[in-house]
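See below for the structure under consideration.
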Amino acid sequence: MGLLSKKDAALITDPLADNNPITIQVLGICSALAITAQLKASIVMAISVLFVMGVGNVVISAIRNIIPSKIRIIVQLTVVAALVIIVDQVLKAFAYELSKELSVFVGLIITNCIIMGRFEAFALGNGLWRSFLDGIGNALGYGIILIIVGFFRELLGSGTLLGIPVLGDPIAKTGLYSIGYENNGFMLLSPMALIVVGIIIWVQRSRNKALIED
């Protein structure tokens, strides 16, 4: 018998594809537009949400039976705010420049509807282990889309990945720039993130017709 049952494994695998929080549930779009101009910022945001959702789901599940229903949203916000403060302080300690670039967007993890949605819809009604798996699965699904969008926006918009030139030097006209290639500055604008997400949604629905709404 494997470590995970089929139902438990589905908590991780489903959000990666056919129940992705961004492309299927259309949640968390704001951060996908705001911070994906650079791949590094996308990766850091993905890891941050992974930590907050994984730990947050476990905490909410652990105290679910003692949370008064009238203040459950306040309790959930308090838990996620505490975890976001930890993330923010760690970033400031070990990646200060990146923390300045992400600035307000780290704080906005508190209001990320994916996190609050999983607290409310899953962690409040399930045990610690399944809640942890649900948080990790949805955070991975969210993070994968951020990283894909960040990859293409930085590559096509700046000609770099993680700040490293990969298409050549646009000033010295080396690499692809030597044959007339130019960076697409539009890729660095937030609306282009929405277009990239739209392309991902189109590809996903082209591969799985069951996802197409009637």
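By convention in this document, the chains of the structure tokens carry letters A, B, ... by their order, each chain's residues are numbered from 1, and ligands are numbered from 1 in the order they are shown.
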
For region 31-55 of chain A against region 67-90 of chain A, with a cut-off of 9 Å and counting only C-alpha atoms, what is the closest atom pair and its distance in Å to one decimal for every residue that makes the cut, ordered by chain and number, as JSON lines?
```
{"residue": "A:Ser48", "atom": "CA", "partner": "A:Val87", "partner_atom": "CA", "distance": 6.4}
{"residue": "A:Val49", "atom": "CA", "partner": "A:Val84", "partner_atom": "CA", "distance": 8.7}
{"residue": "A:Phe51", "atom": "CA", "partner": "A:Leu83", "partner_atom": "CA", "distance": 8.1}
{"residue": "A:Val52", "atom": "CA", "partner": "A:Leu83", "partner_atom": "CA", "distance": 5.8}
{"residue": "A:Met53", "atom": "CA", "partner": "A:Val80", "partner_atom": "CA", "distance": 8.2}
{"residue": "A:Val55", "atom": "CA", "partner": "A:Leu83", "partner_atom": "CA", "distance": 8.0}
```

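Using only C-alpha atoms, the protein and nucleic acid residues lying no more than 7 Å from region 27-30 of chain A, apart from those fewer than 5 places from it along its own chain, are Pro21, Ile22, Asn112, Cys113 and Ile114 of chain A.
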
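For the atom pair formed by CA of Asp14 (chain A) and CA of Ala210 (chain A), the distance is 14.0 Å, given to one decimal.
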
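Of note, CA of Glu182 (chain A) and CA of Val196 (chain A) are spaced 19.0 Å apart.
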
Between A:Lys92, A:Lys209, A:Lys100, A:Arg64, single out the one closest to Ala121 (chain A), counting only C-alpha atoms. A:Arg64

Across A:Gly117, A:Gly150, A:Gly54, A:Gly141, the smallest distance to Asn19 (chain A), with only C-alpha atoms counted, is shown by A:Gly141

Near Ile148 (chain A), counting only C-alpha atoms, which residues have an atom at most 9 Å away, once you skip same-chain residues fewer than 2 positions from it, shown as a PyMOL selection string? chain A and resi 36+39+42+143-146+150-153+196-197+200
